[in-house]
Every structure is written in C-alpha cells, then in structure tokens.
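Novice: Here you go, protein-v7.cif (mmCIF, C-alpha atoms):
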```
data_query
#
loop_
_atom_site.label_atom_id
_atom_site.label_comp_id
_atom_site.auth_asym_id
_atom_site.auth_seq_id
_atom_site.Cartn_x
_atom_site.Cartn_y
_atom_site.Cartn_z
CA MET A 271 19.05 3.67 106.72
CA TRP A 272 19.56 5.90 103.68
CA PHE A 273 16.05 5.52 102.24
CA ALA A 274 14.14 4.56 105.39
CA GLY A 275 12.62 8.04 105.54
CA ASN A 276 11.60 7.86 101.89
CA ALA A 277 9.97 4.46 102.34
CA ILE A 278 7.68 5.59 105.15
CA LEU A 279 7.02 9.09 103.78
CA PRO A 280 3.67 8.26 102.08
CA GLN A 281 2.36 6.94 105.43
CA ILE A 282 3.45 9.93 107.54
CA GLN A 283 2.91 12.67 104.94
CA GLU A 284 -0.79 13.01 105.66
CA ASP A 285 -0.58 12.32 109.41
CA TRP A 286 2.12 14.95 109.92
CA ALA A 287 0.69 17.46 107.40
CA LEU A 288 3.90 17.45 105.35
CA PRO A 289 4.20 19.55 102.16
CA GLU A 290 3.87 17.97 98.72
CA THR A 291 7.58 18.52 98.08
CA ALA A 292 8.57 16.61 101.23
CA ILE A 293 10.19 13.79 99.24
CA ALA A 294 12.73 16.20 97.73
CA HIS A 295 13.55 17.86 101.06
CA VAL A 296 13.84 14.58 103.00
CA THR A 297 16.20 13.05 100.42
CA SER A 298 18.25 16.24 100.10
CA LEU A 299 18.79 16.54 103.86
CA VAL A 300 20.29 13.04 103.99
CA MET A 301 22.64 14.04 101.18
CA LEU A 302 23.56 17.30 102.90
CA GLY A 303 24.29 15.42 106.13
CA PHE A 304 26.43 12.93 104.24
CA ILE A 305 28.44 15.71 102.58
CA THR A 306 28.92 17.48 105.92
CA GLY A 307 30.06 14.26 107.55
CA THR A 308 32.41 13.40 104.70
CA PHE A 309 34.20 16.75 104.98
CA ALA A 310 34.36 16.55 108.77
CA PHE A 311 35.79 13.01 108.69
CA ALA A 312 38.36 14.06 106.08
CA LEU A 313 39.43 17.23 107.93
CA LEU A 314 39.85 15.33 111.18
CA SER A 315 41.53 12.32 109.48
CA VAL A 316 39.16 10.08 111.42
CA SER A 317 39.89 6.92 109.41
CA ASP A 318 43.62 7.30 109.99
CA ARG A 319 43.51 8.25 113.67
CA PHE A 320 41.14 5.44 114.65
CA ARG A 321 40.50 1.86 113.55
CA SER A 322 38.30 1.93 110.45
CA THR A 323 36.08 -0.89 111.71
CA LYS A 324 35.57 0.94 115.01
CA VAL A 325 34.54 4.10 113.13
CA PHE A 326 32.17 1.96 111.06
CA LEU A 327 30.62 0.43 114.19
CA ILE A 328 30.15 3.73 116.04
CA SER A 329 28.68 5.37 112.92
CA SER A 330 26.28 2.45 112.49
CA LEU A 331 25.11 2.74 116.10
CA LEU A 332 24.65 6.53 115.90
CA GLY A 333 22.88 6.23 112.56
CA ALA A 334 20.54 3.61 113.98
CA LEU A 335 19.75 5.92 116.89
CA PHE A 336 19.02 8.95 114.70
CA ASN A 337 16.99 6.78 112.31
CA LEU A 338 14.95 5.46 115.24
CA SER A 339 14.45 8.86 116.84
CA LEU A 340 11.41 9.69 114.67
CA ILE A 341 9.38 7.24 116.74
CA PHE A 342 9.97 9.14 119.97
CA LEU A 343 10.38 12.80 118.94
CA PRO A 344 7.50 15.24 118.29
CA GLU A 345 5.72 14.84 114.97
CA SER A 346 6.91 17.75 112.84
CA PHE A 347 8.54 18.34 109.48
CA ALA A 348 11.51 20.12 111.12
CA VAL A 349 12.18 17.12 113.38
CA LEU A 350 12.02 14.80 110.37
CA LEU A 351 14.54 16.89 108.42
CA ILE A 352 16.95 17.18 111.37
CA ALA A 353 16.78 13.44 112.02
CA ARG A 354 17.50 12.67 108.36
CA PHE A 355 20.39 15.18 108.33
CA LEU A 356 21.99 13.52 111.37
CA THR A 357 21.45 10.09 109.81
CA GLY A 358 23.29 11.37 106.72
CA ILE A 359 26.24 12.47 108.84
CA SER A 360 26.42 8.96 110.32
CA LEU A 361 26.38 7.43 106.84
CA ALA A 362 29.63 9.29 106.12
CA GLY A 363 31.27 6.92 108.60
CA ILE A 364 29.78 3.87 106.87
CA TYR A 365 29.90 4.18 103.08
CA PRO A 366 33.33 5.85 102.49
CA VAL A 367 34.86 4.06 105.47
CA GLY A 368 33.48 0.78 104.15
CA MET A 369 35.19 1.46 100.83
CA LYS A 370 38.47 2.10 102.67
CA ILE A 371 38.11 -1.19 104.56
CA ALA A 372 37.51 -2.97 101.25
CA SER A 373 40.68 -1.42 99.78
CA ASP A 374 42.58 -2.59 102.89
CA TRP A 375 41.54 -6.16 102.11
CA TYR A 376 41.94 -6.13 98.32
CA LYS A 377 45.24 -4.90 96.92
CA GLY A 378 44.26 -5.84 93.37
CA ASN A 379 40.96 -6.24 91.53
CA LEU A 380 39.57 -3.18 93.30
CA GLY A 381 36.92 -2.64 90.61
CA LYS A 382 35.48 -6.11 91.29
CA ALA A 383 35.67 -5.68 95.07
CA LEU A 384 33.92 -2.32 94.90
CA GLY A 385 31.31 -3.90 92.63
CA TYR A 386 30.31 -6.21 95.48
CA LEU A 387 30.51 -3.42 98.06
CA VAL A 388 28.32 -0.98 96.10
CA GLY A 389 26.00 -3.89 95.28
CA ALA A 390 25.54 -4.34 99.02
CA LEU A 391 24.91 -0.59 99.34
CA VAL A 392 22.19 -0.89 96.69
CA LEU A 393 20.44 -3.74 98.49
CA GLY A 394 20.62 -1.84 101.75
CA SER A 395 19.24 1.33 100.17
CA ALA A 396 16.36 -0.58 98.59
CA PHE A 397 15.54 -2.74 101.61
CA PRO A 398 13.31 -0.23 103.50
CA HIS A 399 10.89 -0.29 100.56
CA LEU A 400 10.62 -4.08 100.85
CA LEU A 401 10.02 -3.75 104.59
CA ASN A 402 7.35 -1.16 103.88
CA HIS A 403 5.66 -3.57 101.48
CA THR A 404 5.74 -6.56 103.81
CA ARG A 405 4.76 -4.78 107.02
CA SER A 406 1.04 -5.27 106.20
CA GLN A 407 -0.97 -3.82 109.09
CA LEU A 408 2.06 -2.95 111.19
CA PRO A 409 2.80 0.76 111.81
CA TRP A 410 5.46 2.62 109.84
CA SER A 411 7.69 2.50 112.91
CA PHE A 412 8.34 -1.15 111.99
CA VAL A 413 10.45 0.03 109.05
CA LEU A 414 12.56 2.30 111.25
CA ILE A 415 13.01 -0.35 113.95
CA SER A 416 13.99 -2.98 111.39
CA THR A 417 16.47 -0.81 109.48
CA SER A 418 18.07 0.38 112.72
CA ALA A 419 18.40 -3.20 113.94
CA ILE A 420 19.99 -4.30 110.67
CA ALA A 421 22.38 -1.32 110.72
CA THR A 422 23.44 -2.22 114.24
CA THR A 423 23.98 -5.84 113.22
CA GLY A 424 26.05 -4.71 110.23
CA GLY A 425 28.26 -2.52 112.41
CA LEU A 426 28.86 -5.36 114.88
CA ALA A 427 29.60 -7.80 112.06
CA MET A 428 32.16 -5.44 110.54
CA PHE A 429 33.91 -4.90 113.86
CA TYR A 430 33.97 -8.49 115.13
CA LEU A 431 33.98 -10.59 111.92
CA VAL A 432 35.86 -8.48 109.36
CA GLY A 433 38.46 -6.42 111.18
CA GLU A 434 41.35 -4.49 109.66
CA GLY A 435 42.69 -5.67 106.31
CA PRO A 436 46.27 -6.84 105.69
CA TYR A 437 46.98 -3.94 103.28
CA ARG A 438 45.94 -1.18 105.66
CA THR A 439 48.16 1.86 105.22
CA GLN A 440 48.16 5.47 106.33
CA GLY A 441 45.56 7.22 104.19
CA ALA A 442 46.33 10.22 102.06
CA LYS A 443 45.63 13.44 103.93
CA PHE A 444 42.85 15.84 103.01
CA GLN A 445 44.35 19.20 102.09
CA PRO A 446 41.62 21.84 101.56
CA GLN A 447 44.07 24.25 99.92
CA LYS A 448 44.59 21.68 97.12
CA MET A 449 40.89 21.15 96.34
CA PHE A 450 41.11 22.91 92.98
CA ASP A 451 44.60 21.75 92.06
CA VAL A 452 43.50 18.10 91.80
CA PHE A 453 41.38 18.91 88.73
CA ARG A 454 44.44 20.02 86.77
CA LYS A 455 45.21 16.39 86.00
CA PRO A 456 43.20 15.59 82.82
CA GLU A 457 42.61 11.92 83.63
CA PHE A 458 41.22 12.65 87.08
CA ARG A 459 39.12 15.51 85.74
CA ALA A 460 37.60 13.16 83.17
CA ALA A 461 36.83 10.47 85.78
CA ALA A 462 35.44 12.95 88.32
CA PHE A 463 33.27 14.80 85.82
CA GLY A 464 31.92 11.49 84.53
CA TYR A 465 31.07 10.60 88.13
CA PHE A 466 29.31 13.94 88.58
CA GLY A 467 27.08 13.25 85.58
CA HIS A 468 26.26 9.82 86.97
CA MET A 469 25.37 11.26 90.38
CA TRP A 470 23.02 13.87 88.86
CA GLU A 471 20.80 11.00 87.73
CA LEU A 472 21.23 8.21 90.30
CA TYR A 473 19.70 9.32 93.60
CA THR A 474 17.04 11.46 91.94
CA LEU A 475 15.80 8.45 89.99
CA TRP A 476 15.76 6.37 93.18
CA ALA A 477 13.95 9.08 95.14
CA PHE A 478 11.22 9.56 92.54
CA LEU A 479 10.59 5.90 91.67
CA PRO A 480 7.53 5.68 94.00
CA ILE A 481 6.07 8.80 92.37
CA VAL A 482 6.67 7.41 88.87
CA LEU A 483 5.08 4.05 89.72
CA THR A 484 2.11 5.73 91.41
CA TYR A 485 1.64 7.95 88.34
CA TYR A 486 1.53 4.88 86.09
CA ASN A 487 -1.08 3.27 88.37
CA THR A 488 -3.18 6.44 88.26
CA THR A 489 -3.06 6.88 84.50
CA HIS A 490 -3.56 3.19 83.65
CA SER A 491 -5.84 2.06 86.49
CA THR A 492 -3.28 -0.61 87.40
CA THR A 493 -2.40 -1.89 90.85
CA ILE A 494 1.40 -2.14 90.76
CA PRO A 495 2.57 -2.62 94.39
CA VAL A 496 4.64 0.56 94.56
CA SER A 497 6.89 -0.28 97.53
CA LEU A 498 7.63 -3.78 96.25
CA TRP A 499 8.57 -2.65 92.76
CA THR A 500 10.60 0.28 94.06
CA PHE A 501 12.62 -2.32 95.96
CA ILE A 502 12.93 -4.64 92.95
CA ILE A 503 14.05 -1.87 90.58
CA MET A 504 16.57 -0.44 93.03
CA ALA A 505 17.85 -3.85 94.15
CA GLY A 506 18.41 -4.83 90.50
CA GLY A 507 21.32 -2.43 90.61
CA ALA A 508 23.24 -4.95 92.71
CA ILE A 509 23.36 -7.18 89.63
CA GLY A 510 24.72 -4.29 87.57
CA CYS A 511 27.43 -3.57 90.14
CA VAL A 512 28.65 -7.15 90.46
CA VAL A 513 28.51 -7.95 86.72
CA GLY A 514 30.20 -4.64 85.92
CA GLY A 515 32.94 -5.45 88.43
CA TYR A 516 33.74 -8.72 86.66
CA VAL A 517 33.54 -7.22 83.17
CA SER A 518 35.85 -4.38 84.22
CA GLN A 519 38.61 -6.96 84.76
CA ARG A 520 38.48 -7.71 81.02
CA ILE A 521 37.74 -4.38 79.33
CA GLY A 522 38.54 -1.77 81.99
CA SER A 523 36.42 0.37 84.28
CA ALA A 524 36.11 3.27 81.83
CA LYS A 525 34.36 1.19 79.16
CA VAL A 526 31.99 -0.38 81.69
CA ALA A 527 31.06 3.02 83.13
CA PHE A 528 30.60 4.48 79.64
CA LEU A 529 28.33 1.60 78.59
CA TYR A 530 26.08 1.85 81.64
CA LEU A 531 25.87 5.63 81.36
CA SER A 532 24.95 5.30 77.66
CA ILE A 533 22.07 2.99 78.54
CA THR A 534 20.67 5.29 81.20
CA GLY A 535 21.09 8.33 78.94
CA ILE A 536 19.01 6.65 76.25
CA PHE A 537 16.40 5.71 78.86
CA CYS A 538 16.20 9.33 80.09
CA LEU A 539 15.77 10.51 76.50
CA ILE A 540 12.88 8.17 75.65
CA SER A 541 11.36 7.94 79.16
CA PRO A 542 8.10 9.77 78.22
CA LEU A 543 7.34 6.87 75.87
CA PHE A 544 7.59 4.30 78.68
CA TYR A 545 4.22 5.31 80.07
CA GLU A 546 2.57 4.07 76.86
CA LEU A 547 3.87 0.53 77.44
CA PRO A 548 1.80 -2.28 78.94
CA GLN A 549 2.50 -2.95 82.61
CA GLU A 550 4.87 -5.89 82.10
CA LEU A 551 7.09 -4.04 79.63
CA PHE A 552 6.97 -0.86 81.71
CA LEU A 553 8.27 -2.71 84.76
CA ALA A 554 10.87 -4.61 82.72
CA VAL A 555 12.27 -1.39 81.26
CA PHE A 556 12.54 0.24 84.67
CA PHE A 557 14.21 -2.88 86.07
CA ILE A 558 16.89 -2.63 83.35
CA TRP A 559 17.23 1.06 84.16
CA GLY A 560 17.71 0.14 87.82
CA VAL A 561 20.44 -2.34 86.88
CA ALA A 562 22.33 0.20 84.77
CA VAL A 563 21.90 3.39 86.80
CA ILE A 564 24.14 2.24 89.68
CA GLY A 565 26.30 -0.28 87.79
CA ASP A 566 28.77 2.43 86.80
CA SER A 567 29.18 3.75 90.35
CA PRO A 568 31.90 1.33 91.55
CA GLN A 569 33.74 1.79 88.27
CA PHE A 570 33.75 5.58 88.60
CA SER A 571 34.95 5.16 92.19
CA SER A 572 37.77 2.93 90.95
CA LEU A 573 38.64 5.42 88.18
CA ASN A 574 38.73 8.29 90.66
CA ALA A 575 41.13 6.36 92.87
CA LEU A 576 43.34 5.26 89.96
CA THR A 577 43.59 8.66 88.28
CA ALA A 578 43.81 10.89 91.36
CA PRO A 579 47.06 12.84 91.71
CA VAL A 580 49.26 10.68 93.94
CA ALA A 581 50.37 13.57 96.13
CA TYR A 582 46.78 14.66 96.81
CA ARG A 583 44.87 11.39 96.52
CA GLY A 584 42.93 11.82 99.75
CA THR A 585 41.93 15.34 98.79
CA ALA A 586 40.97 14.31 95.26
CA ILE A 587 38.75 11.40 96.31
CA THR A 588 37.11 13.40 99.12
CA ILE A 589 36.26 16.37 96.91
CA ALA A 590 34.98 14.13 94.09
CA VAL A 591 32.63 12.26 96.43
CA SER A 592 31.47 15.47 98.09
CA ILE A 593 30.75 17.33 94.85
CA GLY A 594 29.04 14.23 93.43
CA PHE A 595 26.64 14.00 96.35
CA LEU A 596 26.23 17.77 96.46
CA LEU A 597 24.97 17.69 92.86
CA THR A 598 22.17 15.32 93.86
CA ILE A 599 20.57 18.11 95.91
CA PRO A 600 19.80 20.54 93.02
CA SER A 601 18.81 17.57 90.86
CA ILE A 602 16.32 16.30 93.45
CA GLN A 603 15.04 19.80 94.25
CA LEU A 604 14.58 20.57 90.55
CA LEU A 605 12.43 17.50 90.00
CA GLY A 606 10.51 18.30 93.17
CA LEU A 607 9.62 21.72 91.73
CA LEU A 608 8.88 20.38 88.24
CA SER A 609 6.59 17.70 89.64
CA LYS A 610 4.14 20.44 90.63
CA SER A 611 3.91 22.04 87.17
CA LEU A 612 5.00 19.41 84.64
CA ASP A 613 3.22 16.31 83.39
CA LEU A 614 4.97 13.58 85.38
CA LYS A 615 5.77 11.54 82.27
CA TRP A 616 8.38 14.22 81.39
CA LEU A 617 9.94 14.22 84.85
CA LEU A 618 12.76 11.73 84.26
CA PHE A 619 13.53 13.24 80.86
CA THR A 620 15.02 16.22 82.71
CA LEU A 621 17.73 13.94 84.14
CA LEU A 622 19.26 13.58 80.66
CA ILE A 623 21.73 16.40 81.29
CA GLY A 624 23.60 14.15 83.75
CA PRO A 625 24.37 11.22 81.43
CA ILE A 626 25.22 13.57 78.54
CA PHE A 627 27.72 15.49 80.67
CA GLY A 628 29.12 12.24 82.08
CA LEU A 629 29.56 10.60 78.67
CA ILE A 630 31.32 13.61 77.18
CA SER A 631 33.62 13.79 80.18
CA THR A 632 34.43 10.07 80.37
CA ARG A 633 35.11 9.55 76.66
CA PRO A 634 38.84 10.48 76.82
CA LEU A 635 39.41 7.65 79.32
CA LEU A 636 38.28 5.02 76.79
CA LYS A 637 41.62 5.36 75.04
CA THR A 638 43.70 4.91 78.19
CA GLY A 639 42.66 1.29 78.88
CA GLN A 640 41.76 2.06 82.50
#
```
What is this structure when it is put down as structure tokens?
Specialist:
Amino acid sequence: MWFAGNAILPQIQEDWALPETAIAHVTSLVMLGFITGTFAFALLSVSDRFRSTKVFLISSLLGALFNLSLIFLPESFAVLLIARFLTGISLAGIYPVGMKIASDWYKGNLGKALGYLVGALVLGSAFPHLLNHTRSQLPWSFVLISTSAIATTGGLAMFYLVGEGPYRTQGAKFQPQKMFDVFRKPEFRAAAFGYFGHMWELYTLWAFLPIVLTYYNTTHSTTIPVSLWTFIIMAGGAIGCVVGGYVSQRIGSAKVAFLYLSITGIFCLISPLFYELPQELFLAVFFIWGVAVIGDSPQFSSLNALTAPVAYRGTAITIAVSIGFLLTIPSIQLLGLLSKSLDLKWLLFTLLIGPIFGLISTRPLLKTGQ
C-alpha cells in the first residue's frame, strides 16, 4: 500500500488537476502518517498490550480501507493527501510490528531474518508499479483494489498462519524523556546516524524513479516502460536485502551496510553521467542502484537494535526509526522543488549528502565487528 498512490499518480494527476509537485506531497504524507503512527503506537505500548499479530491484522485491514477510499471519496488533492496520511498511520502497525514478530521468532541470526523481512517490504512497495503496468485498459482503481486485497490477505495470513513467536517477551518501553539520552552511547549514535544518511536517499530515489525514467525517454526518444522498470529496479532491492543478510553472518552488519552505502554514494556522485549511457546500460546501472539502496536497511536496523542502550532500547529504536523516516520528508520535498528549476539529470546528485553523512557516521562501527 505504501506506493500505491505513487503508482497511479500519473493517471489521476491530469484528471484531478493536481499540481506538478504532487509526487513529493503524496509521498511525504505517507511518511508523516507513518511517523505519527509509530509514535502513537510506542506511547500507547500497543505491541505489548495486544497480540502483535492481531495489531498487524487490524492495521492491514484499516490500511486497505484507507487505500481503497480514493475510489469512493470526492476527487480532490486534499482528499488524496488525507487518505495517504491515514494509510501511513496504518503502516506503522505493519512494518515495525512485523519486525517485532520476526524478532519473536528468531532469537539469533536477526540480520538474516530482517534481510528476508525487508526484502518482502521491498517487493510489496514495488508491486503497485507492476500492477499499474499490467492493468492495460483497466482503470487506475484496479491498482488500489488489488493492493488492498493483497494487504488484507497478508494480514489474515500473519494472524492465522504465523502467530506469536516462541521468543516473545515484554518489549522495552518508550520513554519520551529519554529521547536525547540514547544518543550519548557512541555505538548507537554511529548506527543511528548511518541509518539517517541511508534514509535521506532511499525513499526519495524510489519516489522519483518514474520521473527519472520518463526524463530518459524524453531526452533519448526511447520507449522504456516506466511502470515496469520502476518495479524491476525497486524489486531488485529484495536481492540486496537477502544477500546482505547472509553476508552479514560472515563479516558483520556494519561492513555490509558500509559497502552498500559506498556503492550508492558513488552512484549519486556520478549519476549525471548515467543519462549519456545507452538504454541497456542505463537500466542495468539503475538496477544495481536499486539492489544496493535498500540492501543496507536491514543491517542498519540490526545495528540499531544491537547497539541501543539496554535500559532504553524501546525508546532508542523508536526514535531512530521516526527520525529516519522524518528525514525523508525534507529530502523528497527538496527534490520536488529542484525538479522545477534544475536539469533533471542533476536531481539524484543532490542525494549525495545522505550517503556521505552515513558513511562518516558508520565508519567507527567497522572496528567493532558488529
């Protein structure tokens, strides 16, 4: 459901008279909803007070409803933004809760387990673009109906087929008064700041992939199927997550995260040159970028959990996730503004600040063996 609004945006942008910067606002409102939901769930200790799989199911059903609401509500930009915001709140009961359920099932090898979980997140995030490509003459509502149906199925599967894990324990409480204290621990600060740099790049790249591919088509008179290749590039990240999870068992999560972030930093730096490549090489480079840009995410999540102060672990993980997603909003908004005044081939170059900050921050962890 995360990118369902993005996938159908080109179809409804003209019909609903949406502004040119709609892509940035639609993506940002999902993020803002997710952040709001994450804080609310943490403050209310929802995952501890109720069965995690039940929370997952209810959130999936509510998210499916909000996602589907665009078909029935009045056609306006405000309605679109509100619906995406509410969908984002629902996602707070799916993604973080899903990670908790995974940790309840896997006492060891968490980096590998999270590699599979985030890989599934990647496929789910990319899937609306595939639906948009394959819908042919069907209306854009097909994408919303399909993603809502799949979300409902996923919630039911989690509740009835997965259940609570054997290592389920009382989660660490969220203590707002300790939000700044958690960063006093150097190892956690390094992991969290590395994660922040990663997040500055990730969702902005995903959000602007259709614009980048369309720009290449326009400047080269090519006919790259934009929705299909947006799906392929994003979905390639599942490979990066799973492979990174296995490699982390041998060399540690910090080295895997550092390697992936180095690759994407180099790609940001030389991205203006990509538009001079022939179509096949252009698509191949962006596929590799798609593999690497999310491959470090499960490893940063594992590092945050491992290095968080034990007494404030719940607070540390909650604030790291919230700040990470909060940073995606200025990143997305910045590119939305720049897209109106800057040659689009320089757009992704501006993401370089994220990998640079992340690499500098993560480097101390390379010596710890984590």
Novice: Can you give me, as a PyMOL selection string, the residues this file yields under the PyMOL selection byres ((chain A and resi 313) around 10)?
Specialist: chain A and resi 307-312+314-316+443-446+585+588
Novice: Go through A:Phe453, A:Phe458, A:Phe528, A:Phe552 one by one, measure the shortest atom-to-atom distance of each to Thr577 (chain A) using only C-alpha atoms, and give the residue with the smallest value.
Specialist: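 For Thr577 (chain A), the nearest of the given residues is A:Phe458.
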Novice: Rank nothing, just name the residue among A:Gly385, A:Pro280, A:Pro548, A:Gly424 nearest to Ser497 (chain A), using only C-alpha atoms.
Specialist: A:Pro280
Novice: I'd like the contact shell of Val513 (chain A) - 10 Å cut-off, all atoms listed in the file, skipping same-chain residues fewer than 5 positions apart - returned as a VMD selection string.
Specialist: chain A and resid 382 385 to 386 389 507 to 508 518 526 561 565
Novice: Find the residue from A:Ala462, A:Thr620, A:Gly435, A:Tyr473 that sits nearest to Ala294 (chain A); use only C-alpha atoms when measuring.
Specialist: A:Tyr473
Novice: Which residues fall under the PyMOL selection byres ((chain A and resi 289) around 12) in this file, as a compact mmCIF listing (two decimals) with C-alpha atoms, in the coordinates of the input?
Specialist:
```
# COMPACT_ATOMS: atom_id res chain seq x y z
CA LEU A 279 7.02 9.09 103.78
CA PRO A 280 3.67 8.26 102.08
CA ILE A 282 3.45 9.93 107.54
CA GLN A 283 2.91 12.67 104.94
CA GLU A 284 -0.79 13.01 105.66
CA ASP A 285 -0.58 12.32 109.41
CA TRP A 286 2.12 14.95 109.92
CA ALA A 287 0.69 17.46 107.40
CA LEU A 288 3.90 17.45 105.35
CA GLU A 290 3.87 17.97 98.72
CA THR A 291 7.58 18.52 98.08
CA ALA A 292 8.57 16.61 101.23
CA ILE A 293 10.19 13.79 99.24
CA ALA A 294 12.73 16.20 97.73
CA HIS A 295 13.55 17.86 101.06
CA VAL A 296 13.84 14.58 103.00
CA SER A 346 6.91 17.75 112.84
CA PHE A 347 8.54 18.34 109.48
CA ALA A 348 11.51 20.12 111.12
CA GLY A 606 10.51 18.30 93.17
CA LEU A 607 9.62 21.72 91.73
CA LYS A 610 4.14 20.44 90.63
```
Novice: Given the file shown, enumerate the residues that the PyMOL selection byres ((chain A and resi 477) around 9) captures and present them as a compact mmCIF listing (two decimals) with C-alpha atoms, keeping the file's coordinate frame.
Specialist:
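selection21.txt written:
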```txt
# COMPACT_ATOMS: atom_id res chain seq x y z
CA PHE A 273 16.05 5.52 102.24
CA ASN A 276 11.60 7.86 101.89
CA ILE A 293 10.19 13.79 99.24
CA ALA A 294 12.73 16.20 97.73
CA THR A 297 16.20 13.05 100.42
CA LEU A 472 21.23 8.21 90.30
CA TYR A 473 19.70 9.32 93.60
CA THR A 474 17.04 11.46 91.94
CA LEU A 475 15.80 8.45 89.99
CA TRP A 476 15.76 6.37 93.18
CA PHE A 478 11.22 9.56 92.54
CA LEU A 479 10.59 5.90 91.67
CA PRO A 480 7.53 5.68 94.00
CA ILE A 481 6.07 8.80 92.37
CA ILE A 602 16.32 16.30 93.45
```
Novice: Could you list, as a list in words, every residue within 9 Å of Phe463 (chain A), counting all atoms listed in the file and ignoring same-chain residues fewer than 3 positions away?
Specialist: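 Here the qualifying residues turn out to be Phe458, Arg459, Ala460, Phe466, Gly467, His468, Ala590, Gly594, Phe627, Gly628, Ile630, Ser631 and Thr632 of chain A.
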Novice: Need the shell around Ile536 (chain A): protein/DNA/RNA residues with any atom at most 10 Å away, counting only C-alpha atoms. Skip same-chain ones fewer than 5 positions apart. Format as an NGL selection string?
Specialist: :A and (531 or 541 or 559 or 619 or 622 or 625-626)
